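Since the structure comes first, as structure tokens, the remarks are kept for the end.
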Amino acid sequence: MVPRVTTQPPFTELDLNAITERRWVDRGDFTDAEFDRARAFYGQMRVHDDRLEQVRADAAAMISEWTGHKPRDVGSFGTRLNLETSDLDLGIGYPVEDRDRLRAVLAPHTTFLGERKTRYSTSRLVFSFKLDGIEIDLSALEVEDFAVACRMLDQIDVTMTPDERIAHTWVKHLLRSSGRTEAYATWKLTTYARFCPEFNWVPIPEKTAGT
């Protein structure tokens, strides 16, 4: 997407160790000066929204045509917690007995990344392709799991405040800029884990820039 500029990690007054251990952050953790920086940074991330929305719409149309299933944004852009380097993550629900057909119809268009646990008894298939220079990750979840994920995303949409989104994205940026790869990978999933604890939110090693 947008080329990253290599700089020194930004100054912070936050106790990142305590925040990552707690797995949540809110406005009360910030000084006014730091929150002003976080708000300004968040505004910079939103500059890319129009382009990402168009690419997402185009990718969703392609996925619908290939699979017959309507996708939903299940990633950081959908929750407005993305960085400028974020990929797009879309998800579909499919009947488990349709697994072989799904892999066959996606094979000419995508790269199969593998199967990952979702709950203790279910898993999701993950595919990837590029569109307009942006990597699109497609997770194919079993129908019931997809319904649970959609309810979680609806709850995030309604419940998570603008200040919480700003705070979360700033911590995400700080961890990535500081080279704290493992903490960053875990932090990306904290919102999902908070609103949907029954899923197996395991950090996934980054392929490239990450989300």
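Convention: chains lettered A, B, ... in structure tokens order; per-chain residue numbering from 1; ligands numbered from 1 as shown.
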
For A:Pro71: contacts at 10 Å, only C-alpha atoms, fewer than 3 positions along chain excluded, given as a ChimeraX atom specification: /A:56-57,59-64,67-68,74,89-93,138-140,146

Long-range neighbours of A:Ala33 as a list of chain:residue names, 12 Å cut-off, only C-alpha atoms, 6 positions minimum in chain: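 My reading of the contact set: A:Phe11, A:Thr12, A:Glu13, A:Leu14, A:Arg27, A:Arg39, A:Ala40.
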
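The gap separating atom CA of A:Ile166 from atom CA of A:Cys150 is 22.3 Å, in Å to one decimal.
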
Spatial neighbours of A:Tyr42, 10 Å, only C-alpha atoms, chain gap at least 2 places, as a list in words: Asp36, Arg37, Ala38, Arg39, Ala40, Gln44, Met45, Arg46, Val47, Arg80, Leu81, Asn82, Leu83, Glu84, Arg165, Ile166, Ala167, His168, Thr169, Trp170 and His173 of chain A

Those of stretch 9-191 of chain A in DSSP strand (DSSP E), formatted as a count of residues only: 34

Might you pull out every residue within 12 Å of A:Val105, with only C-alpha atoms counted and same-chain residues fewer than 2 positions away left off, and present them as a PDB file with C-alpha atoms, in the first residue's frame?
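Output file around_6.pdb follows:
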ATOM      1  CA  MET A  62     -14.793 -10.989  -7.146  1.00  0.00           C
ATOM      2  CA  ILE A  63     -15.078 -13.328  -4.152  1.00  0.00           C
ATOM      3  CA  SER A  64     -18.864 -13.422  -4.489  1.00  0.00           C
ATOM      4  CA  GLU A  65     -18.535 -14.327  -8.162  1.00  0.00           C
ATOM      5  CA  TRP A  66     -15.975 -17.057  -7.489  1.00  0.00           C
ATOM      6  CA  THR A  67     -17.627 -18.670  -4.473  1.00  0.00           C
ATOM      7  CA  GLY A  68     -21.293 -17.701  -4.466  1.00  0.00           C
ATOM      8  CA  HIS A  69     -20.860 -16.431  -0.898  1.00  0.00           C
ATOM      9  CA  ASP A  98     -18.529 -27.734   0.481  1.00  0.00           C
ATOM     10  CA  ARG A  99     -14.844 -27.534   1.408  1.00  0.00           C
ATOM     11  CA  ASP A 100     -13.398 -29.356  -1.602  1.00  0.00           C
ATOM     12  CA  ARG A 101     -15.501 -27.394  -4.081  1.00  0.00           C
ATOM     13  CA  LEU A 102     -14.533 -24.134  -2.412  1.00  0.00           C
ATOM     14  CA  ARG A 103     -10.840 -24.907  -2.692  1.00  0.00           C
ATOM     15  CA  ALA A 107      -7.471 -22.322  -6.797  1.00  0.00           C
ATOM     16  CA  PRO A 108      -7.167 -20.400 -10.123  1.00  0.00           C
ATOM     17  CA  HIS A 109      -7.503 -17.023  -8.387  1.00  0.00           C
ATOM     18  CA  THR A 110      -5.810 -17.304  -4.991  1.00  0.00           C
ATOM     19  CA  THR A 111      -2.942 -18.838  -3.048  1.00  0.00           C
ATOM     20  CA  PHE A 112      -3.998 -21.270  -0.346  1.00  0.00           C
ATOM     21  CA  PHE A 127      -6.506 -17.837   0.955  1.00  0.00           C
TER      22      PHE A 127
END

A:Gly43, A:Arg72, A:Asn200, A:Asp137 ranked by distance to A:Arg116, top pick (using only C-alpha atoms):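 Selected residue with least distance to A:Arg116: A:Asn200.
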
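Taking only C-alpha atoms into account, A:Ser123 lies nearest to A:Trp201 out of the set A:Gly179, A:Glu21, A:Trp201, A:Leu106.
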
Residue set, stretch 2-209 of chain A restricted to helix (DSSP H, G or I), as an NGL selection string: :A and (16-22 or 27-29 or 32-46 or 49-67 or 96-106 or 143-159 or 162-177 or 181-187 or 190-195)

Residue with smallest distance to A:Gln155 - pool A:Phe77, A:Phe30, A:Phe195, A:Phe41, counting only C-alpha atoms: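 Among the listed residues, A:Phe195 lies closest to A:Gln155.
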
Close residues, A:Gly28 itself excluded, 10 Å, only C-alpha atoms, min 3 positions apart in chain, as JSON, numbers by chain: {"A": [25, 31, 32, 35, 163, 164, 167]}

Taking N, CA and C atoms for each residue, export the selection above as an mmCIF file, in the first residue's frame.
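This is the output file part_10.cif:
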data_model
loop_
_atom_site.group_PDB
_atom_site.id
_atom_site.type_symbol
_atom_site.label_atom_id
_atom_site.label_comp_id
_atom_site.auth_asym_id
_atom_site.auth_seq_id
_atom_site.Cartn_x
_atom_site.Cartn_y
_atom_site.Cartn_z
ATOM 1 N N VAL A 25 -6.531 -0.931 26.233
ATOM 2 C CA VAL A 25 -6.078 0.426 26.496
ATOM 3 C C VAL A 25 -7.253 1.358 26.273
ATOM 4 N N THR A 31 -1.777 10.668 28.736
ATOM 5 C CA THR A 31 -1.738 12.099 29.038
ATOM 6 C C THR A 31 -2.439 12.833 27.897
ATOM 7 N N ASP A 32 -2.797 14.075 28.120
ATOM 8 C CA ASP A 32 -3.449 14.848 27.054
ATOM 9 C C ASP A 32 -2.533 14.996 25.845
ATOM 10 N N PHE A 35 -2.347 11.731 23.879
ATOM 11 C CA PHE A 35 -3.588 11.437 23.151
ATOM 12 C C PHE A 35 -3.735 12.361 21.944
ATOM 13 N N ASP A 163 -12.600 7.026 20.977
ATOM 14 C CA ASP A 163 -11.373 7.159 21.766
ATOM 15 C C ASP A 163 -10.661 5.816 21.925
ATOM 16 N N GLU A 164 -11.430 4.733 22.105
ATOM 17 C CA GLU A 164 -10.820 3.413 22.225
ATOM 18 C C GLU A 164 -10.151 2.999 20.916
ATOM 19 N N ALA A 167 -6.894 4.955 20.709
ATOM 20 C CA ALA A 167 -5.921 4.438 21.671
ATOM 21 C C ALA A 167 -5.357 3.100 21.206
#
